[in-house]
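Chemist: The structure is given below, and queries will be raised subsequently.
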Protein chains: 4
Amino acid sequence: MQQETLQKEDGREHRSEASRARILNAATEIFAQKGPEGTRVDEIAEKAGINKRMLYHYFGSKEDLYVEVLRNNYDKIFTLSKKAFKLGDNPKENVTRAVRAYFYFLAQNKEFVRLTSWEALSGGRFIGKVIPQFFDLVELEFGDIIKDGIQRKFISPDTDIRQVLLSVQALCLAYFNRRELVQPLWREDMLSEEMLEARLQHILNLIFEGIFSHKQEGE
Amino acid sequence: MQQETLQKEDGREHRSEASRARILNAATEIFAQKGPEGTRVDEIAEKAGINKRMLYHYFGSKEDLYVEVLRNNYDKIFTLSKKAFKLGDNPKENVTRAVRAYFYFLAQNKEFVRLTSWEALSGGRFIGKVIPQFFDLVELEFGDIIKDGIQRKFISPDTDIRQVLLSVQALCLAYFNRRELVQPLWREDMLSEEMLEARLQHILNLIFEGIFSHKQEGE
Amino acid sequence: MQQETLQKEDGREHRSEASRARILNAATEIFAQKGPEGTRVDEIAEKAGINKRMLYHYFGSKEDLYVEVLRNNYDKIFTLSKKAFKLGDNPKENVTRAVRAYFYFLAQNKEFVRLTSWEALSGGRFIGKVIPQFFDLVELEFGDIIKDGIQRKFISPDTDIRQVLLSVQALCLAYFNRRELVQPLWREDMLSEEMLEARLQHILNLIFEGIFSHKQEGE
Amino acid sequence: MQQETLQKEDGREHRSEASRARILNAATEIFAQKGPEGTRVDEIAEKAGINKRMLYHYFGSKEDLYVEVLRNNYDKIFTLSKKAFKLGDNPKENVTRAVRAYFYFLAQNKEFVRLTSWEALSGGRFIGKVIPQFFDLVELEFGDIIKDGIQRKFISPDTDIRQVLLSVQALCLAYFNRRELVQPLWREDMLSEEMLEARLQHILNLIFEGIFSHKQEGE
DNA sequence: AATGAATGAGCTTTCATTCAT
DNA sequence: AATGAATGAAAGCTCATTCAT
């Protein structure tokens, strides 16, 4: 079914590559918006401006196309994690840098956020085909940062790294995930630069300090 | 669409009520599992052990049934928030009590968690019909707890309550939401009593202290 | 199926007779309005204010009920024809009397008009069960009137009686049949006493004189 | 609903047009036979020899298809009225020509006759979507003929044109409408050339003379 | 490489009818 | 005599997929 086009380095057939890309873009947008079940093949074809038949020509089936969309999006974060998560000397700065990178990646990849959520709800039914040993690749690198923080005694030694990873992810993702639901109640545009930065600072603050002021607590 | 068969005090329509309830239960389970689009009416009917026709008799349409399922589940958390969020004297204890109540409510209402998520993804398309001014009703009460914490100077005055609410919700929900995705990587059963309590402690710790030990930081 | 209630002269069970009558009335109205295919059994039951089950108890099936409705309505015109079509001495008066009787019968039996039309369209599918040798019983008597008119040389001897019957029927029926369609174009209320009488006069005039004035024609 | 596939002058979509036409033909026949309620979409598809899906592709819904069938048939009589109802010098000939044209149009358009009747019974529910200001377009032109007859003093000045139109229509339509019902009683084939002509002559005679011989009457 | 036309399986919904009391 | 609850068959409609060019 899944006809991988192998003509990448022969330089001919721009048309075909272009068509394939347009399908993939359209599919990404619609799958992200409506989920795998809610998406209609016709809608993708129309949005891509190509004949529905080509979609099957290039991707084999609706499901295969969806998987391809997932792969494509996970490649992005894989790339990010490779680049942005260098381990520096200062654990706090390491965490700050990584969370910031992750948070703004999500801000700029709306589709990624939603695709992840659909996947979470379908219990990773499809993602398994993309990343057999799935977990957000980010976690690997980020895990190392936490480990390093523990070794350097900045973070308590009995910290469960998995919990931390889950929490950081949740704190970042939720802002975008629940945005449509809560936007009506927040006055400001939640995607404005200021609000994004405000959310990031809230997250970092939470991670480093919690919300309870320690002087009070220490009394 | 004839939702409420009027009780003519002759006590005979138990059957009717029972059928209605069985449909609602089956629907809750399947809608939670597969989402509004992925759910098949036949499957609900089969699971409820009734003729498909009755489903339309009692609920009018698939969509109306879904909305009814939502309403039913939101009633539960509404009840919870009324009961569990009394404001006591100690802000830290208030928060602890509320978070614990919310977290264990989620632990015990798997369907609620998933229904919420489907709704978030569909941009609250249906929930609007249930709660016109939608937001997790919990937020209202929980917000008061935070406000009180600020007034008593346990929480910094420039704290954005909305951010806190979003974060607490995210920290609790994510554990159940992403469970299916990450379970393979965690050795223990994430729903065991110990693990649930461990997660709750992690969340409370994060809220009160953050993950960075302050002595280290303070050096 | 068709359970003819045979308790007519034992005087007991008024309730049952009453129920049967209410079903028949409701059915008559709705069948006349929407036709055999467009009618819903539930609607009849609701209008009759009885349980749907009784409908089956008394009439066996939807179709049998429809046939019963037809029989009931044809009885009316049968009765009419027995009463109103006495053969007098003056052919013109005979015709006038008969047409008037028929026309006003239609005016007062809206349902009869419509039921006849549905039957005509279904090719007498059901009426066959009521009147094996069907034709509007009126025709028999009216036919005699025309025959008499011919014998007395008031009507041309080569007149085809069947054509005349068909025409008279058409001229009367059409006024009520097409009323809903043309009413918007006629200013007056087509069912007012004046307009009814006007139509009757037009029909009689047409039958006796045609619409072309003979003086002109004779020139 | 995508009714008109735009001709891209490459002449290839004959198939498409042909399919559309076959659906329309099949639909016309079956809707005429069984009425909008009695018609089954599957039956149309089977008769047209196409997949049911295409019917929805071309026409959107069963109801829209029905409306299209109506439009299509009313176009025919519109065309007729444009062509056949020229106003000549002799009123009697004008009427004769028009009635003949109308009568034979009905004889040759069995479906039109029945579709009109279904519409009349449903109170013009659908026709409204086709001809907003509905009335048989014929009436317009025919009305002019009568008016002209009045002006030239061939027809009495107090004649109500609406009544005449209604009557002429009724006299023509009824012959075809009630044919199925009365055919068993007439020996001859009512659709034979001779019988058609006989009916037309009867109608014309009725219009011009009435059925009562004037010598008798005049005595 | 690309397309318009077509399809079959399956979905939601409706309806006349019967069961159990 | 009367009823509320329940049903199976079939209706209208949709969707991913393939055929023919």
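Here's how to read the names in the structure tokens: chain A, B, ... by the order shown, residue numbers from 1 in each chain, ligand numbers from 1 in the order shown.
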List the spatial neighbours of range 14-19 of chain F as JSON, numbers by chain - criterion: any atom at most 10 Å away, only C-alpha atoms (C1' of nucleotides), same-chain residues fewer than 6 positions off excluded.

Modeler: {"A": [40, 41, 42, 52, 53, 56, 61, 62], "D": [53, 56], "E": [5, 6, 7, 8, 9, 10, 11, 12]}

Chemist: Would you export the selected residues with N, CA and C atoms (P, O5', C5', C4', C3', O3' and C1' of nucleotides) as an mmCIF file, in the first residue's frame, please?

Modeler:
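Okay, this is what ended up in part-v4.cif:
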data_model
loop_
_atom_site.group_PDB
_atom_site.id
_atom_site.type_symbol
_atom_site.label_atom_id
_atom_site.label_comp_id
_atom_site.auth_asym_id
_atom_site.auth_seq_id
_atom_site.Cartn_x
_atom_site.Cartn_y
_atom_site.Cartn_z
ATOM 1 N N ARG A 40 -12.435 13.768 6.813
ATOM 2 C CA ARG A 40 -12.963 13.176 5.592
ATOM 3 C C ARG A 40 -11.906 13.277 4.502
ATOM 4 N N VAL A 41 -11.706 12.174 3.815
ATOM 5 C CA VAL A 41 -10.705 12.144 2.751
ATOM 6 C C VAL A 41 -10.993 13.217 1.703
ATOM 7 N N ASP A 42 -12.252 13.382 1.375
ATOM 8 C CA ASP A 42 -12.617 14.391 0.374
ATOM 9 C C ASP A 42 -12.157 15.769 0.782
ATOM 10 N N LYS A 52 -8.633 13.218 -5.506
ATOM 11 C CA LYS A 52 -8.591 12.288 -4.389
ATOM 12 C C LYS A 52 -7.752 11.051 -4.713
ATOM 13 N N ARG A 53 -7.792 10.683 -5.967
ATOM 14 C CA ARG A 53 -7.076 9.483 -6.356
ATOM 15 C C ARG A 53 -5.584 9.577 -6.036
ATOM 16 N N TYR A 56 -4.457 8.465 -2.688
ATOM 17 C CA TYR A 56 -4.266 7.021 -2.546
ATOM 18 C C TYR A 56 -2.999 6.572 -3.267
ATOM 19 N N SER A 61 -3.646 4.768 1.891
ATOM 20 C CA SER A 61 -4.951 4.780 2.535
ATOM 21 C C SER A 61 -5.032 5.953 3.484
ATOM 22 N N LYS A 62 -6.225 6.217 3.941
ATOM 23 C CA LYS A 62 -6.412 7.301 4.883
ATOM 24 C C LYS A 62 -5.567 7.079 6.133
ATOM 25 N N ARG D 53 -25.313 5.897 -4.483
ATOM 26 C CA ARG D 53 -24.455 7.005 -4.077
ATOM 27 C C ARG D 53 -24.472 8.147 -5.088
ATOM 28 N N TYR D 56 -27.149 10.748 -4.815
ATOM 29 C CA TYR D 56 -26.895 11.796 -3.820
ATOM 30 C C TYR D 56 -25.816 12.739 -4.314
ATOM 31 P P DA E 5 -17.605 13.702 -13.754
ATOM 32 O "O5'" DA E 5 -17.583 12.127 -13.566
ATOM 33 C "C5'" DA E 5 -17.366 11.315 -14.707
ATOM 34 C "C4'" DA E 5 -17.586 9.860 -14.344
ATOM 35 C "C3'" DA E 5 -18.922 9.583 -13.649
ATOM 36 O "O3'" DA E 5 -19.494 8.438 -14.264
ATOM 37 C "C1'" DA E 5 -17.130 8.770 -12.314
ATOM 38 P P DA E 6 -20.845 7.900 -13.680
ATOM 39 O "O5'" DA E 6 -20.375 6.799 -12.631
ATOM 40 C "C5'" DA E 6 -19.724 5.646 -13.121
ATOM 41 C "C4'" DA E 6 -19.283 4.796 -11.954
ATOM 42 C "C3'" DA E 6 -20.427 4.299 -11.052
ATOM 43 O "O3'" DA E 6 -20.493 2.894 -11.172
ATOM 44 C "C1'" DA E 6 -18.560 5.065 -9.789
ATOM 45 P P DT E 7 -21.738 2.172 -10.594
ATOM 46 O "O5'" DT E 7 -21.139 1.576 -9.245
ATOM 47 C "C5'" DT E 7 -19.953 0.788 -9.315
ATOM 48 C "C4'" DT E 7 -19.419 0.549 -7.923
ATOM 49 C "C3'" DT E 7 -20.464 0.021 -6.940
ATOM 50 O "O3'" DT E 7 -20.079 -1.276 -6.562
ATOM 51 C "C1'" DT E 7 -19.104 1.690 -5.956
ATOM 52 P P DG E 8 -21.102 -2.406 -6.359
ATOM 53 O "O5'" DG E 8 -20.783 -2.769 -4.842
ATOM 54 C "C5'" DG E 8 -19.447 -3.110 -4.488
ATOM 55 C "C4'" DG E 8 -19.258 -2.990 -2.992
ATOM 56 C "C3'" DG E 8 -20.363 -3.630 -2.163
ATOM 57 O "O3'" DG E 8 -19.764 -4.051 -0.951
ATOM 58 C "C1'" DG E 8 -20.281 -1.357 -1.665
ATOM 59 P P DA E 9 -20.361 -5.232 -0.154
ATOM 60 O "O5'" DA E 9 -19.681 -4.986 1.271
ATOM 61 C "C5'" DA E 9 -18.520 -4.172 1.363
ATOM 62 C "C4'" DA E 9 -18.677 -3.163 2.488
ATOM 63 C "C3'" DA E 9 -19.549 -3.651 3.657
ATOM 64 O "O3'" DA E 9 -18.866 -3.352 4.856
ATOM 65 C "C1'" DA E 9 -20.302 -1.544 2.915
ATOM 66 P P DG E 10 -19.404 -3.874 6.234
ATOM 67 O "O5'" DG E 10 -19.798 -2.530 6.998
ATOM 68 C "C5'" DG E 10 -19.016 -1.355 6.819
ATOM 69 C "C4'" DG E 10 -19.825 -0.144 7.255
ATOM 70 C "C3'" DG E 10 -20.743 -0.419 8.459
ATOM 71 O "O3'" DG E 10 -20.735 0.713 9.299
ATOM 72 C "C1'" DG E 10 -21.974 0.516 6.753
ATOM 73 P P DC E 11 -20.860 0.608 10.796
ATOM 74 O "O5'" DC E 11 -21.511 2.000 11.196
ATOM 75 C "C5'" DC E 11 -20.929 3.208 10.740
ATOM 76 C "C4'" DC E 11 -22.004 4.222 10.421
ATOM 77 C "C3'" DC E 11 -23.118 4.309 11.461
ATOM 78 O "O3'" DC E 11 -22.818 5.335 12.393
ATOM 79 C "C1'" DC E 11 -23.965 4.428 9.215
ATOM 80 P P DT E 12 -23.665 5.526 13.666
ATOM 81 O "O5'" DT E 12 -24.947 6.306 13.125
ATOM 82 C "C5'" DT E 12 -24.817 7.678 12.790
ATOM 83 C "C4'" DT E 12 -26.128 8.176 12.236
ATOM 84 C "C3'" DT E 12 -27.226 8.318 13.283
ATOM 85 O "O3'" DT E 12 -27.881 9.560 13.051
ATOM 86 C "C1'" DT E 12 -27.997 6.965 11.516
#

Chemist: Restrict the distance test to only C-alpha atoms, flag each residue of chain D within 7 Å of chain C, and return the flagged residues as a list in words.

Modeler: Glu37, Gly38, Ala120, Gly123, Gly124, Phe135, Phe154, Ile155, Ser156, Ser167, Ala170, Leu171, Ala174, Asn177, Arg178, Glu180, Leu181, Val182, Leu206, Ile207, Phe208, Glu209, Gly210, Ile211, Phe212, Ser213 and Gln216 of chain D

Chemist: So that I can see what lies close to Ala101 in chain A, please list as a PyMOL selection string the residues with an atom at most 9 Å from it, counting only C-alpha atoms (C1' of nucleotides) and leaving out residues fewer than 5 positions away in the same chain.

Modeler: chain A and resi 80-81+84-85+96+106

Chemist: Should the cut-off be 8 Å, what would the residue list for chain D against chain E look like, counting only C-alpha atoms (C1' of nucleotides), as number ranges by chain?

Modeler: D: 13, 15-16, 51, 53-54

Chemist: Selected residues, N, CA, C and O atoms, written as a PDB file, in the first residue's frame, please.

Modeler:
ATOM      1  N   GLU D  13     -17.111  14.558 -20.155  1.00  0.00           N
ATOM      2  CA  GLU D  13     -18.092  14.130 -19.163  1.00  0.00           C
ATOM      3  C   GLU D  13     -19.476  13.822 -19.750  1.00  0.00           C
ATOM      4  O   GLU D  13     -20.489  14.176 -19.188  1.00  0.00           O
ATOM      5  N   ARG D  15     -20.457  10.785 -19.934  1.00  0.00           N
ATOM      6  CA  ARG D  15     -20.893   9.756 -18.994  1.00  0.00           C
ATOM      7  C   ARG D  15     -21.644  10.381 -17.827  1.00  0.00           C
ATOM      8  O   ARG D  15     -22.732   9.945 -17.469  1.00  0.00           O
ATOM      9  N   SER D  16     -21.025  11.416 -17.297  1.00  0.00           N
ATOM     10  CA  SER D  16     -21.631  12.084 -16.165  1.00  0.00           C
ATOM     11  C   SER D  16     -23.026  12.596 -16.500  1.00  0.00           C
ATOM     12  O   SER D  16     -23.990  12.330 -15.799  1.00  0.00           O
ATOM     13  N   ASN D  51     -25.352   3.307  -9.046  1.00  0.00           N
ATOM     14  CA  ASN D  51     -25.201   3.177  -7.608  1.00  0.00           C
ATOM     15  C   ASN D  51     -25.933   4.315  -6.909  1.00  0.00           C
ATOM     16  O   ASN D  51     -25.860   5.470  -7.318  1.00  0.00           O
ATOM     17  N   ARG D  53     -25.313   5.897  -4.483  1.00  0.00           N
ATOM     18  CA  ARG D  53     -24.455   7.005  -4.077  1.00  0.00           C
ATOM     19  C   ARG D  53     -24.472   8.147  -5.088  1.00  0.00           C
ATOM     20  O   ARG D  53     -24.437   9.320  -4.715  1.00  0.00           O
ATOM     21  N   MET D  54     -24.500   7.820  -6.367  1.00  0.00           N
ATOM     22  CA  MET D  54     -24.442   8.839  -7.411  1.00  0.00           C
ATOM     23  C   MET D  54     -25.665   9.746  -7.365  1.00  0.00           C
ATOM     24  O   MET D  54     -25.579  10.941  -7.639  1.00  0.00           O
TER      25      MET D  54
END

Chemist: One decimal, Å: what's the distance from C1' of DA2 in chain F over to CA of Ala27 in chain C, could you say?

Modeler: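 Taking C1' of DA2 in chain F and CA of Ala27 in chain C, their separation equals 19.2 Å.
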
Chemist: Could you go through range 7-75 of chain A and tell me which residues DSSP, when run on the backbone, assigns to alpha helix (DSSP H), listing them as number ranges by chain?

Modeler: A: 14-38, 41-48, 52-59, 62-75

Chemist: Select all residues from chain F having any atom no more than 9 Å from an atom of chain C (counting only C-alpha atoms (C1' of nucleotides), ignoring ligands), output as a list in words.

Modeler: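 Going by the stated atoms only, the list reads DA1, DA2, DT3 and DG4 of chain F.
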
Chemist: As an exercise, work out the distance from CA of Ala107 in chain A to CA of Tyr66 in chain A in Å and give it to one decimal place.

Modeler: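 Interatomic distance here is 21.9 Å.
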
Chemist: Would you please work out which residue, of B:Glu29, B:Glu194, B:Leu24, B:Leu87, is nearest to Tyr58 in chain B when using only C-alpha atoms?

Modeler: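 Closest to Tyr58 in chain B of all the choices is B:Leu24.
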
Chemist: Could you state the separation of CA of Val67 in chain C and CA of Gln108 in chain C in Å, given to one decimal place?

Modeler: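 Going from CA of Val67 in chain C over to CA of Gln108 in chain C covers 21.2 Å.
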
Chemist: Near Arg71 in chain C, counting only C-alpha atoms (C1' of nucleotides), which residues have an atom at most 10 Å away, once you skip same-chain residues fewer than 4 positions from it, shown as a compact mmCIF listing (two decimals) with N, CA and C atoms, in the first residue's frame?

Modeler:
# COMPACT_ATOMS: atom_id res chain seq x y z
N LEU C 65 -57.11 -0.39 8.39
CA LEU C 65 -57.74 0.82 8.91
C LEU C 65 -58.05 1.79 7.77
N TYR C 66 -57.10 1.91 6.89
CA TYR C 66 -57.30 2.80 5.75
C TYR C 66 -58.50 2.35 4.92
N VAL C 67 -58.58 1.07 4.68
CA VAL C 67 -59.70 0.54 3.91
C VAL C 67 -61.02 0.85 4.63
N ASP C 75 -69.74 5.04 2.12
CA ASP C 75 -71.10 4.87 2.63
C ASP C 75 -71.86 6.19 2.58
N LYS C 76 -71.18 7.24 2.89
CA LYS C 76 -71.83 8.55 2.92
C LYS C 76 -72.41 8.93 1.57
N PHE C 126 -56.76 0.31 -3.10
CA PHE C 126 -57.46 -0.09 -1.88
C PHE C 126 -58.97 -0.12 -2.06
N ILE C 127 -59.45 0.81 -2.87
CA ILE C 127 -60.89 0.91 -3.00
C ILE C 127 -61.47 -0.40 -3.51
N LYS C 129 -61.04 -3.17 -2.49
CA LYS C 129 -61.45 -4.03 -1.38
C LYS C 129 -62.79 -3.59 -0.79
N VAL C 130 -63.16 -2.38 -1.10
CA VAL C 130 -64.39 -1.85 -0.53
C VAL C 130 -65.56 -2.06 -1.48
N ILE C 131 -65.38 -1.60 -2.68
CA ILE C 131 -66.43 -1.71 -3.68
C ILE C 131 -65.88 -2.49 -4.86
